[in-house]
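What follows is the content of final-v4.json, which has JSON, C-alpha atoms:
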```json
[["chain", "number", "residue", "atom", "x", "y", "z"],
["A", 1, "MET", "CA", -55.50, 59.00, 118.39],
["A", 2, "LYS", "CA", -52.94, 59.84, 115.70],
["A", 3, "SER", "CA", -54.37, 63.34, 115.29],
["A", 4, "TYR", "CA", -54.30, 63.83, 119.10],
["A", 5, "VAL", "CA", -50.59, 62.84, 119.22],
["A", 6, "ALA", "CA", -49.88, 65.11, 116.25],
["A", 7, "SER", "CA", -51.67, 68.04, 117.94],
["A", 8, "VAL", "CA", -49.79, 67.51, 121.21],
["A", 9, "GLY", "CA", -46.55, 67.23, 119.24],
["A", 10, "ALA", "CA", -47.28, 70.44, 117.36],
["A", 11, "CYS", "CA", -48.13, 72.23, 120.61],
["A", 12, "LEU", "CA", -44.91, 71.04, 122.25],
["A", 13, "LEU", "CA", -42.93, 72.14, 119.21],
["A", 14, "MET", "CA", -44.57, 75.57, 119.36],
["A", 15, "VAL", "CA", -43.84, 75.91, 123.09],
["A", 16, "PHE", "CA", -40.22, 74.89, 122.45],
["A", 17, "ALA", "CA", -39.89, 77.40, 119.61],
["A", 18, "MET", "CA", -41.41, 80.17, 121.75],
["A", 19, "ALA", "CA", -39.06, 79.32, 124.62],
["A", 20, "LEU", "CA", -36.10, 79.50, 122.24],
["A", 21, "LEU", "CA", -37.25, 82.88, 120.90],
["A", 22, "SER", "CA", -37.78, 84.14, 124.43],
["A", 23, "LEU", "CA", -34.30, 82.99, 125.45],
["A", 24, "ARG", "CA", -32.85, 84.71, 122.39],
["A", 25, "ALA", "CA", -34.71, 87.94, 123.23],
["A", 26, "GLN", "CA", -33.52, 87.70, 126.83],
["A", 27, "ASP", "CA", -29.96, 87.30, 125.59],
["A", 28, "GLU", "CA", -30.33, 90.34, 123.29],
["A", 29, "PHE", "CA", -31.22, 92.48, 126.30],
["A", 30, "SER", "CA", -29.00, 90.85, 128.90],
["A", 31, "ASP", "CA", -26.07, 93.04, 129.84],
["A", 32, "SER", "CA", -23.38, 90.71, 128.48],
["A", 33, "GLY", "CA", -25.41, 89.58, 125.45],
["A", 34, "ALA", "CA", -26.14, 93.10, 124.27],
["A", 35, "ARG", "CA", -22.62, 94.35, 125.00],
["A", 36, "SER", "CA", -20.82, 91.66, 123.03],
["A", 37, "LYS", "CA", -23.27, 91.98, 120.14],
["A", 38, "ILE", "CA", -22.91, 95.76, 120.00],
["A", 39, "PHE", "CA", -19.10, 95.69, 120.25],
["A", 40, "ALA", "CA", -19.06, 93.24, 117.34],
["A", 41, "LEU", "CA", -21.34, 95.59, 115.37],
["A", 42, "GLU", "CA", -19.06, 98.55, 116.19],
["A", 43, "ASN", "CA", -16.11, 96.62, 114.77],
["A", 44, "ALA", "CA", -18.14, 95.65, 111.71],
["A", 45, "TRP", "CA", -19.00, 99.33, 111.18],
["A", 46, "SER", "CA", -15.34, 100.36, 111.42],
["A", 47, "GLN", "CA", -14.37, 97.65, 108.97],
["A", 48, "ALA", "CA", -17.16, 98.66, 106.57],
["A", 49, "SER", "CA", -15.92, 102.28, 106.67],
["A", 50, "GLY", "CA", -12.36, 101.18, 105.87],
["A", 51, "ILE", "CA", -13.29, 98.99, 102.93],
["A", 52, "LYS", "CA", -16.11, 101.33, 101.79],
["A", 53, "ASP", "CA", -18.80, 98.67, 102.09],
["A", 54, "VAL", "CA", -21.95, 100.75, 101.59],
["A", 55, "LYS", "CA", -24.30, 97.73, 101.79],
["A", 56, "ALA", "CA", -22.96, 96.68, 105.18],
["A", 57, "MET", "CA", -23.28, 100.23, 106.48],
["A", 58, "ASP", "CA", -26.81, 100.47, 105.12],
["A", 59, "ARG", "CA", -27.76, 97.45, 107.26],
["A", 60, "LEU", "CA", -26.14, 98.91, 110.38],
["A", 61, "LEU", "CA", -27.73, 102.36, 110.27],
["A", 62, "ASP", "CA", -31.34, 103.20, 111.06],
["A", 63, "SER", "CA", -33.26, 105.14, 108.39],
["A", 64, "ALA", "CA", -33.45, 108.16, 110.74],
["A", 65, "PHE", "CA", -29.76, 107.90, 111.69],
["A", 66, "ILE", "CA", -27.95, 111.20, 112.38],
["A", 67, "TYR", "CA", -24.17, 111.57, 112.37],
["A", 68, "VAL", "CA", -22.05, 114.45, 113.65],
["A", 69, "ASP", "CA", -18.55, 114.39, 112.13],
["A", 70, "PHE", "CA", -15.37, 115.41, 113.98],
["A", 71, "ASP", "CA", -15.56, 118.87, 112.32],
["A", 72, "GLY", "CA", -19.10, 119.46, 113.55],
["A", 73, "ARG", "CA", -20.82, 118.62, 110.27],
["A", 74, "LEU", "CA", -24.25, 117.00, 110.59],
["A", 75, "MET", "CA", -25.18, 114.23, 108.17],
["A", 76, "THR", "CA", -28.25, 112.09, 107.54],
["A", 77, "LYS", "CA", -27.98, 108.38, 106.71],
["A", 78, "ALA", "CA", -28.23, 109.13, 102.96],
["A", 79, "GLU", "CA", -25.42, 111.68, 103.23],
["A", 80, "VAL", "CA", -23.23, 109.28, 105.23],
["A", 81, "LEU", "CA", -23.72, 106.49, 102.68],
["A", 82, "ALA", "CA", -23.10, 108.87, 99.77],
["A", 83, "ASN", "CA", -19.91, 110.03, 101.47],
["A", 84, "VAL", "CA", -18.50, 106.53, 102.14],
["A", 85, "GLU", "CA", -17.02, 106.01, 98.70],
["A", 86, "LEU", "CA", -15.72, 109.58, 98.45],
["A", 87, "ALA", "CA", -14.16, 109.57, 101.91],
["A", 88, "SER", "CA", -10.41, 109.52, 102.24],
["A", 89, "VAL", "CA", -10.56, 106.99, 105.09],
["A", 90, "GLN", "CA", -8.44, 103.86, 104.69],
["A", 91, "GLN", "CA", -8.71, 102.29, 108.14],
["A", 92, "VAL", "CA", -10.82, 102.82, 111.25],
["A", 93, "VAL", "CA", -10.06, 101.05, 114.51],
["A", 94, "THR", "CA", -12.10, 101.38, 117.69],
["A", 95, "GLU", "CA", -10.80, 100.83, 121.22],
["A", 96, "ALA", "CA", -11.62, 101.32, 124.91],
["A", 97, "MET", "CA", -15.34, 100.83, 124.34],
["A", 98, "THR", "CA", -17.83, 100.84, 127.19],
["A", 99, "ALA", "CA", -21.56, 100.31, 126.90],
["A", 100, "SER", "CA", -24.58, 101.05, 129.05],
["A", 101, "LEU", "CA", -27.90, 99.32, 128.46],
["A", 102, "HIS", "CA", -31.21, 101.21, 128.71],
["A", 103, "GLY", "CA", -33.99, 98.77, 127.84],
["A", 104, "ASN", "CA", -33.77, 98.17, 124.08],
["A", 105, "THR", "CA", -31.12, 100.87, 123.67],
["A", 106, "VAL", "CA", -27.36, 100.79, 124.20],
["A", 107, "VAL", "CA", -25.08, 103.82, 124.53],
["A", 108, "VAL", "CA", -21.49, 103.09, 123.50],
["A", 109, "THR", "CA", -18.54, 105.33, 124.33],
["A", 110, "GLY", "CA", -15.14, 104.69, 122.82],
["A", 111, "ILE", "CA", -12.07, 105.94, 121.01],
["A", 112, "PHE", "CA", -11.52, 105.74, 117.25],
["A", 113, "ARG", "CA", -8.29, 105.90, 115.28],
["A", 114, "MET", "CA", -8.73, 106.83, 111.67],
["A", 115, "LYS", "CA", -6.05, 106.57, 108.98],
["A", 116, "GLY", "CA", -6.39, 108.01, 105.51],
["A", 117, "MET", "CA", -4.99, 110.21, 102.74],
["A", 118, "GLU", "CA", -6.03, 113.78, 102.11],
["A", 119, "GLY", "CA", -4.57, 115.90, 99.32],
["A", 120, "GLY", "CA", -1.92, 113.22, 98.79],
["A", 121, "LYS", "CA", -0.85, 113.39, 102.43],
["A", 122, "PRO", "CA", -1.46, 110.70, 105.04],
["A", 123, "TYR", "CA", -3.30, 111.59, 108.21],
["A", 124, "LEU", "CA", -4.06, 109.93, 111.52],
["A", 125, "ARG", "CA", -6.97, 111.14, 113.61],
["A", 126, "ARG", "CA", -7.84, 110.05, 117.13],
["A", 127, "GLY", "CA", -11.22, 110.89, 118.57],
["A", 128, "ARG", "CA", -13.84, 110.01, 121.09],
["A", 129, "PHE", "CA", -17.31, 108.85, 120.03],
["A", 130, "ILE", "CA", -20.71, 108.15, 121.49],
["A", 131, "ASP", "CA", -22.95, 105.86, 119.45],
["A", 132, "VAL", "CA", -26.54, 104.98, 120.29],
["A", 133, "TRP", "CA", -27.92, 101.61, 119.18],
["A", 134, "MET", "CA", -31.51, 100.44, 119.29],
["A", 135, "TYR", "CA", -33.07, 96.99, 118.87],
["A", 136, "LYS", "CA", -35.65, 97.44, 116.10],
["A", 137, "ASN", "CA", -37.56, 94.81, 114.14],
["A", 138, "GLY", "CA", -35.30, 91.99, 115.32],
["A", 139, "SER", "CA", -31.93, 93.64, 114.80],
["A", 140, "TRP", "CA", -29.66, 96.27, 116.31],
["A", 141, "VAL", "CA", -29.30, 99.51, 114.34],
["A", 142, "ALA", "CA", -27.37, 102.70, 115.09],
["A", 143, "ILE", "CA", -29.67, 105.71, 115.54],
["A", 144, "SER", "CA", -27.03, 108.31, 116.40],
["A", 145, "SER", "CA", -23.27, 108.84, 116.30],
["A", 146, "GLN", "CA", -20.93, 111.72, 117.05],
["A", 147, "GLY", "CA", -17.15, 112.07, 116.95],
["A", 148, "THR", "CA", -14.90, 114.62, 118.66],
["A", 149, "LEU", "CA", -11.15, 114.81, 118.10],
["A", 150, "ILE", "CA", -9.06, 114.37, 121.22],
["A", 151, "ALA", "CA", -6.83, 117.38, 121.83],
["A", 152, "ARG", "CA", -3.19, 116.31, 122.13],
["B", 1, "MET", "CA", -33.18, 131.95, 143.37],
["B", 2, "LYS", "CA", -31.22, 128.78, 142.64],
["B", 3, "LYS", "CA", -33.48, 126.80, 144.97],
["B", 4, "LEU", "CA", -36.55, 128.20, 143.26],
["B", 5, "PHE", "CA", -35.14, 127.22, 139.87],
["B", 6, "SER", "CA", -34.48, 123.65, 141.08],
["B", 7, "VAL", "CA", -38.03, 123.32, 142.43],
["B", 8, "LEU", "CA", -39.50, 124.65, 139.18],
["B", 9, "LEU", "CA", -37.31, 122.22, 137.26],
["B", 10, "LEU", "CA", -38.48, 119.30, 139.38],
["B", 11, "LEU", "CA", -42.09, 120.25, 138.73],
["B", 12, "LEU", "CA", -41.31, 120.40, 135.04],
["B", 13, "ILE", "CA", -39.69, 116.99, 134.73],
["B", 14, "VAL", "CA", -42.24, 115.08, 136.81],
["B", 15, "PRO", "CA", -45.23, 114.58, 134.53],
["B", 16, "ARG", "CA", -48.74, 115.14, 135.85],
["B", 17, "THR", "CA", -50.48, 111.96, 137.01],
["B", 18, "HIS", "CA", -53.10, 111.92, 134.27],
["B", 19, "ALA", "CA", -50.45, 112.01, 131.60],
["B", 20, "GLN", "CA", -48.47, 108.98, 132.82],
["B", 21, "GLY", "CA", -48.23, 106.13, 130.33],
["B", 22, "ALA", "CA", -49.94, 108.08, 127.57],
["B", 23, "VAL", "CA", -47.73, 111.08, 126.96],
["B", 24, "PRO", "CA", -47.90, 111.99, 123.27],
["B", 25, "THR", "CA", -44.64, 112.30, 121.36],
["B", 26, "GLN", "CA", -45.13, 116.02, 120.74],
["B", 27, "ALA", "CA", -45.48, 116.61, 124.47],
["B", 28, "ASP", "CA", -42.25, 114.65, 125.03],
["B", 29, "GLU", "CA", -40.50, 116.73, 122.38],
["B", 30, "SER", "CA", -41.46, 120.04, 123.95],
["B", 31, "ARG", "CA", -40.66, 118.74, 127.43],
["B", 32, "ILE", "CA", -37.19, 117.69, 126.31],
["B", 33, "LEU", "CA", -36.55, 121.00, 124.54],
["B", 34, "THR", "CA", -37.51, 122.79, 127.75],
["B", 35, "LEU", "CA", -35.12, 120.56, 129.71],
["B", 36, "GLU", "CA", -32.33, 121.41, 127.26],
["B", 37, "LEU", "CA", -32.92, 125.12, 127.88],
["B", 38, "ALA", "CA", -33.07, 124.51, 131.63],
["B", 39, "TRP", "CA", -29.72, 122.71, 131.37],
["B", 40, "ASN", "CA", -28.12, 125.76, 129.70],
["B", 41, "GLN", "CA", -29.55, 128.02, 132.37],
["B", 42, "ALA", "CA", -28.25, 125.71, 135.11],
["B", 43, "VAL", "CA", -24.74, 125.74, 133.58],
["B", 44, "GLN", "CA", -24.73, 129.54, 133.37],
["B", 45, "GLY", "CA", -25.89, 129.78, 136.99],
["B", 46, "LYS", "CA", -23.55, 126.95, 138.15],
["B", 47, "ASP", "CA", -26.69, 125.39, 139.65],
["B", 48, "ALA", "CA", -25.49, 121.88, 140.57],
["B", 49, "LYS", "CA", -28.82, 120.91, 142.16],
["B", 50, "ALA", "CA", -30.72, 121.67, 138.97],
["B", 51, "LEU", "CA", -28.16, 119.71, 136.93],
["B", 52, "GLU", "CA", -28.39, 116.72, 139.29],
["B", 53, "ILE", "CA", -32.12, 116.56, 138.53],
["B", 54, "LEU", "CA", -31.47, 116.48, 134.77],
["B", 55, "ILE", "CA", -28.60, 114.01, 134.61],
["B", 56, "ALA", "CA", -28.72, 110.24, 135.15],
["B", 57, "PRO", "CA", -26.17, 108.73, 137.58],
["B", 58, "GLU", "CA", -24.50, 106.81, 134.74],
["B", 59, "MET", "CA", -24.33, 109.82, 132.37],
["B", 60, "VAL", "CA", -21.30, 110.06, 130.08],
["B", 61, "TYR", "CA", -20.17, 113.42, 128.76],
["B", 62, "VAL", "CA", -17.68, 114.13, 125.99],
["B", 63, "GLU", "CA", -16.37, 117.70, 126.01],
["B", 64, "TYR", "CA", -15.48, 119.56, 122.78],
["B", 65, "ASP", "CA", -11.78, 118.69, 123.31],
["B", 66, "GLY", "CA", -12.53, 114.97, 123.59],
["B", 67, "THR", "CA", -12.32, 114.78, 127.38],
["B", 68, "LEU", "CA", -14.55, 112.02, 128.76],
["B", 69, "MET", "CA", -16.35, 112.72, 132.03],
["B", 70, "ASN", "CA", -18.74, 110.89, 134.27],
["B", 71, "ARG", "CA", -21.56, 112.64, 136.11],
["B", 72, "SER", "CA", -19.55, 113.79, 139.11],
["B", 73, "GLU", "CA", -16.65, 114.96, 136.95],
["B", 74, "TYR", "CA", -19.08, 116.91, 134.77],
["B", 75, "LEU", "CA", -20.77, 118.53, 137.78],
["B", 76, "ALA", "CA", -17.35, 119.46, 139.17],
["B", 77, "SER", "CA", -16.33, 120.99, 135.82],
["B", 78, "VAL", "CA", -19.45, 123.16, 135.76],
["B", 79, "ALA", "CA", -18.86, 124.27, 139.35],
["B", 80, "ALA", "CA", -15.17, 125.05, 138.69],
["B", 81, "ARG", "CA", -14.34, 128.63, 139.53],
["B", 82, "SER", "CA", -11.86, 128.94, 136.66],
["B", 83, "VAL", "CA", -14.60, 128.57, 134.05],
["B", 84, "HIS", "CA", -17.53, 130.91, 133.78],
["B", 85, "ALA", "CA", -20.05, 130.44, 130.97],
["B", 86, "GLU", "CA", -21.59, 133.88, 130.63],
["B", 87, "GLN", "CA", -24.00, 133.13, 127.82],
["B", 88, "ILE", "CA", -25.22, 129.97, 126.10],
["B", 89, "LEU", "CA", -27.41, 130.54, 123.07],
["B", 90, "CYS", "CA", -29.11, 127.59, 121.41],
["B", 91, "GLU", "CA", -29.96, 127.47, 117.74],
["B", 92, "PRO", "CA", -33.01, 125.39, 116.68],
["B", 93, "MET", "CA", -32.79, 121.81, 117.98],
["B", 94, "THR", "CA", -34.30, 118.61, 116.60],
["B", 95, "VAL", "CA", -35.68, 115.85, 118.82],
["B", 96, "ARG", "CA", -36.28, 112.26, 117.77],
["B", 97, "VAL", "CA", -38.39, 110.31, 120.23],
["B", 98, "TYR", "CA", -38.25, 106.49, 120.20],
["B", 99, "GLY", "CA", -40.67, 105.60, 123.00],
["B", 100, "PRO", "CA", -38.65, 105.91, 126.21],
["B", 101, "ILE", "CA", -35.54, 107.19, 124.39],
["B", 102, "ALA", "CA", -35.02, 110.60, 122.83],
["B", 103, "VAL", "CA", -32.07, 111.95, 120.87],
["B", 104, "VAL", "CA", -31.53, 115.69, 120.54],
["B", 105, "ASN", "CA", -29.26, 117.33, 117.96],
["B", 106, "GLY", "CA", -28.48, 121.00, 118.08],
["B", 107, "VAL", "CA", -25.96, 123.82, 117.92],
["B", 108, "TYR", "CA", -25.10, 126.27, 120.66],
["B", 109, "ARG", "CA", -22.82, 129.23, 121.02],
["B", 110, "GLU", "CA", -21.12, 129.63, 124.37],
["B", 111, "THR", "CA", -19.23, 132.72, 125.44],
["B", 112, "GLY", "CA", -17.48, 133.13, 128.74],
["B", 113, "ALA", "CA", -14.14, 133.25, 130.48],
["B", 114, "LYS", "CA", -11.69, 130.48, 131.33],
["B", 115, "SER", "CA", -8.87, 131.26, 133.74],
["B", 116, "GLY", "CA", -9.55, 134.94, 133.11],
["B", 117, "LYS", "CA", -9.38, 134.68, 129.33],
["B", 118, "PRO", "CA", -12.50, 135.21, 127.20],
["B", 119, "TYR", "CA", -13.67, 132.43, 124.89],
["B", 120, "SER", "CA", -16.38, 131.91, 122.33],
["B", 121, "HIS", "CA", -17.28, 128.45, 120.99],
["B", 122, "ARG", "CA", -19.87, 127.25, 118.52],
["B", 123, "GLU", "CA", -20.54, 123.59, 119.08],
["B", 124, "ARG", "CA", -22.78, 120.87, 117.71],
["B", 125, "PHE", "CA", -24.11, 118.46, 120.29],
["B", 126, "THR", "CA", -26.00, 115.20, 120.60],
["B", 127, "ASP", "CA", -27.85, 114.48, 123.85],
["B", 128, "THR", "CA", -29.52, 111.16, 124.61],
["B", 129, "TRP", "CA", -32.39, 111.14, 127.09],
["B", 130, "VAL", "CA", -34.07, 108.18, 128.77],
["B", 131, "ARG", "CA", -37.54, 108.23, 130.33],
["B", 132, "ARG", "CA", -37.25, 106.56, 133.72],
["B", 133, "GLU", "CA", -40.12, 106.35, 136.22],
["B", 134, "GLY", "CA", -41.90, 109.13, 134.37],
["B", 135, "ARG", "CA", -38.87, 111.45, 134.28],
["B", 136, "TRP", "CA", -36.56, 112.29, 131.40],
["B", 137, "LEU", "CA", -32.87, 112.00, 132.33],
["B", 138, "CYS", "CA", -29.85, 112.62, 130.14],
["B", 139, "VAL", "CA", -27.61, 109.54, 129.82],
["B", 140, "ALA", "CA", -25.15, 110.80, 127.20],
["B", 141, "SER", "CA", -24.01, 114.16, 125.90],
["B", 142, "GLN", "CA", -21.28, 115.05, 123.41],
["B", 143, "SER", "CA", -20.12, 118.31, 121.86],
["B", 144, "THR", "CA", -17.90, 118.95, 118.85],
["B", 145, "LEU", "CA", -16.52, 122.32, 117.78],
["B", 146, "ILE", "CA", -17.85, 123.48, 114.44],
["B", 147, "ALA", "CA", -14.98, 124.26, 112.10],
["B", 148, "ARG", "CA", -15.17, 127.86, 110.97]]
```
Could you quickly redo this structure as structure tokens?
Amino acid sequence: MKSYVASVGACLLMVFAMALLSLRAQDEFSDSGARSKIFALENAWSQASGIKDVKAMDRLLDSAFIYVDFDGRLMTKAEVLANVELASVQQVVTEAMTASLHGNTVVVTGIFRMKGMEGGKPYLRRGRFIDVWMYKNGSWVAISSQGTLIAR
Amino acid sequence: MKKLFSVLLLLLIVPRTHAQGAVPTQADESRILTLELAWNQAVQGKDAKALEILIAPEMVYVEYDGTLMNRSEYLASVAARSVHAEQILCEPMTVRVYGPIAVVNGVYRETGAKSGKPYSHRERFTDTWVRREGRWLCVASQSTLIAR
């Protein structure tokens, strides 16, 4: 009898756990769930760029990530990470972000403001970006990013 | 001629029945590269019908000067009489296919005339395609001028 109760209990626990996982997965791909998660990740990325946190950026970018800089330069993930510490960027802020969900992929459009120092002179750049995020192995990673300066 | 091009394009983007659900990645890559070339041809010919077949309703487009456009704004910009793209030459492109998503990176050189003045741009682009009901549609496109 005890083993029967234990088996039923274990089954119920498993069903509960599966329901929780399913709810979590549903939330990941629900419009609002994915949007808020991705916007938070975009802000984390900007912050990581500003404070030159290579480890945080490593977690955010897919291994096959490709980046196109505002001057048209193409970089792989390794090149982006190698460039983080050398970059003259001091602060990156994103704004006016919109996202569209396509299954396990989200396309984000927004504006970035980048402050830094180059050759001893401060600069402020404002550009438009499109980032593509994908849900892989239980987490969201960026697979592509491009920036274009906004003509004044 | 434009109508013929649109029909050919439609035949190209709708996969054959036997291939549905089991299209190998390499086939997707070559299909997408062909669609990219068809897109350039459609822009040069100001072929709005062909472009409508290639672009998803929710497509976002970022022009080389940072202008953000939706699908209808983009189609209107291509149709604009003040801009005429005479030649668009693509350099080798790379395609990464993630199941129903594909990301294309490439460089193209566009020469033409805007408000009567000649221009020549070399731009790097990223296009994001989504496979929907067996068709590949572009959902995002962005270009950035390559600094000389």
Considering only C-alpha atoms, tabulate each residue of chain B that lies at most 10 Å from chain A along with its nearest interatomic pair and the corresponding distance in Å to one decimal; arrange the rows by chain and ascending residue number and present them as a tab-separated table.
```
residue	atom	partner	partner_atom	distance
B:Glu58	CA	A:Ser100	CA	8.1
B:Met59	CA	A:Ser100	CA	9.4
B:Val60	CA	A:Thr109	CA	7.9
B:Tyr61	CA	A:Ile130	CA	9.0
B:Val62	CA	A:Arg128	CA	7.5
B:Glu63	CA	A:Thr148	CA	8.1
B:Tyr64	CA	A:Thr148	CA	6.5
B:Asp65	CA	A:Ala151	CA	5.3
B:Gly66	CA	A:Ile150	CA	4.2
B:Thr67	CA	A:Ile150	CA	7.0
B:Leu68	CA	A:Arg128	CA	8.0
B:Arg96	CA	A:Ala64	CA	8.6
B:Tyr98	CA	A:Met134	CA	9.1
B:Pro100	CA	A:Gly103	CA	8.7
B:Ile101	CA	A:Thr105	CA	7.7
B:Val103	CA	A:Ser144	CA	7.7
B:Val104	CA	A:Ser144	CA	9.6
B:Asn105	CA	A:Ile66	CA	8.4
B:Gly106	CA	A:Leu74	CA	9.5
B:Val107	CA	A:Gly72	CA	9.2
B:Arg122	CA	A:Gly72	CA	9.3
B:Glu123	CA	A:Gly72	CA	7.1
B:Arg124	CA	A:Gly72	CA	5.7
B:Phe125	CA	A:Val68	CA	8.0
B:Thr126	CA	A:Gln146	CA	7.1
B:Asp127	CA	A:Ser144	CA	9.7
B:Thr128	CA	A:Val132	CA	8.1
B:Val130	CA	A:His102	CA	7.5
B:Arg131	CA	A:His102	CA	9.6
B:Arg132	CA	A:His102	CA	9.5
B:Val139	CA	A:Val107	CA	8.2
B:Ala140	CA	A:Val107	CA	7.5
B:Ser141	CA	A:Ile130	CA	8.2
B:Gln142	CA	A:Ile130	CA	7.2
B:Ser143	CA	A:Thr148	CA	7.1
B:Thr144	CA	A:Thr148	CA	5.3
B:Leu145	CA	A:Gly72	CA	5.7
B:Ile146	CA	A:Gly72	CA	4.3
B:Ala147	CA	A:Asp71	CA	5.4
B:Arg148	CA	A:Asp71	CA	9.1
```
Next item on the list: Considering all atoms listed in the file, state which residue in the set A:Ala82, A:Val89, A:Ala34, A:Lys115 is at the smallest distance from Lys55 (chain A).
Entry: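 The closest residue to Lys55 (chain A) is A:Ala82.
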Check: What is the CA of Gln91 (chain A) to CA of Ala142 (chain A) distance in Å?
Finding: 19.9 Å
Next item on the list: Name the residues in contact with Val78 (chain B) at a cut-off of 9 Å, using all atoms listed in the file, excluding same-chain residues fewer than 6 positions from it; report them as a list in words.
Entry: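 So the residues in contact are Val43, Gln44, Lys46, Asp47, Ala48, His84 and Ala85 of chain B.
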Next item on the list: Take CA of Met117 (chain A) and CA of Ala44 (chain A) and report the distance between them in Å, one decimal.
Entry: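 Taking CA of Met117 (chain A) and CA of Ala44 (chain A), their separation equals 21.6 Å.
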Next item on the list: One decimal, Å: what's the distance from CA of Ser36 (chain A) over to CA of Lys136 (chain A), could you say?
Entry: 17.4 Å
Item checked: Given all atoms listed in the file as the counted atoms, nearest of B:Ala102, B:Ala42, B:Leu54, B:Ala113 to Ser82 (chain B) -> B:Ala113
Next item on the list: Compile the contact shell of Gly45 (chain B) as an MDAnalysis selection string: residues with an atom at most 10 Å away, counting all atoms listed in the file, same-chain residues fewer than 5 positions apart removed.
Entry: chainID B and resid 1:2 39:40 50 78:79 84:87
Please give the centre and size of the box around region 80-95 of chain B (axis-aligned, containing every atom listed in the file, 8 Å added per side), with values in Å to one decimal and written as AutoDock Vina command-line options.
```
--center_x -23.8 --center_y 124.9 --center_z 128.1 --size_x 39.8 --size_y 34.0 --size_z 38.9
```
Write a file for region 64-76 of chain B, containing N, CA and C atoms (output as a PDB file, in the first residue's frame).
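Ended up saving to decode_14.pdb:
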```pdb
ATOM      1  N   TYR B  64      20.462  52.610 -45.208  1.00  0.00           N
ATOM      2  CA  TYR B  64      21.856  52.909 -44.853  1.00  0.00           C
ATOM      3  C   TYR B  64      22.019  54.217 -44.069  1.00  0.00           C
ATOM      4  N   ASP B  65      20.983  55.096 -44.110  1.00  0.00           N
ATOM      5  CA  ASP B  65      21.077  56.350 -43.344  1.00  0.00           C
ATOM      6  C   ASP B  65      20.322  56.257 -42.017  1.00  0.00           C
ATOM      7  N   GLY B  66      19.934  55.041 -41.655  1.00  0.00           N
ATOM      8  CA  GLY B  66      19.267  54.820 -40.368  1.00  0.00           C
ATOM      9  C   GLY B  66      17.756  54.984 -40.396  1.00  0.00           C
ATOM     10  N   THR B  67      17.200  55.295 -41.551  1.00  0.00           N
ATOM     11  CA  THR B  67      15.742  55.445 -41.656  1.00  0.00           C
ATOM     12  C   THR B  67      15.070  54.080 -41.456  1.00  0.00           C
ATOM     13  N   LEU B  68      14.050  54.071 -40.597  1.00  0.00           N
ATOM     14  CA  LEU B  68      13.305  52.830 -40.338  1.00  0.00           C
ATOM     15  C   LEU B  68      12.034  52.841 -41.186  1.00  0.00           C
ATOM     16  N   MET B  69      11.786  51.744 -41.876  1.00  0.00           N
ATOM     17  CA  MET B  69      10.590  51.656 -42.719  1.00  0.00           C
ATOM     18  C   MET B  69       9.851  50.353 -42.460  1.00  0.00           C
ATOM     19  N   ASN B  70       8.515  50.441 -42.601  1.00  0.00           N
ATOM     20  CA  ASN B  70       7.748  49.205 -42.602  1.00  0.00           C
ATOM     21  C   ASN B  70       7.599  48.744 -44.051  1.00  0.00           C
ATOM     22  N   ARG B  71       6.836  47.678 -44.261  1.00  0.00           N
ATOM     23  CA  ARG B  71       6.743  47.097 -45.601  1.00  0.00           C
ATOM     24  C   ARG B  71       6.212  48.094 -46.642  1.00  0.00           C
ATOM     25  N   SER B  72       5.115  48.779 -46.282  1.00  0.00           N
ATOM     26  CA  SER B  72       4.522  49.671 -47.288  1.00  0.00           C
ATOM     27  C   SER B  72       5.421  50.877 -47.562  1.00  0.00           C
ATOM     28  N   GLU B  73       6.099  51.353 -46.518  1.00  0.00           N
ATOM     29  CA  GLU B  73       7.033  52.470 -46.723  1.00  0.00           C
ATOM     30  C   GLU B  73       8.208  52.037 -47.615  1.00  0.00           C
ATOM     31  N   TYR B  74       8.667  50.807 -47.376  1.00  0.00           N
ATOM     32  CA  TYR B  74       9.778  50.302 -48.196  1.00  0.00           C
ATOM     33  C   TYR B  74       9.347  50.161 -49.656  1.00  0.00           C
ATOM     34  N   LEU B  75       8.173  49.587 -49.876  1.00  0.00           N
ATOM     35  CA  LEU B  75       7.684  49.402 -51.253  1.00  0.00           C
ATOM     36  C   LEU B  75       7.517  50.757 -51.946  1.00  0.00           C
ATOM     37  N   ALA B  76       7.032  51.746 -51.179  1.00  0.00           N
ATOM     38  CA  ALA B  76       6.863  53.086 -51.750  1.00  0.00           C
ATOM     39  C   ALA B  76       8.224  53.698 -52.093  1.00  0.00           C
TER      40      ALA B  76
END
```
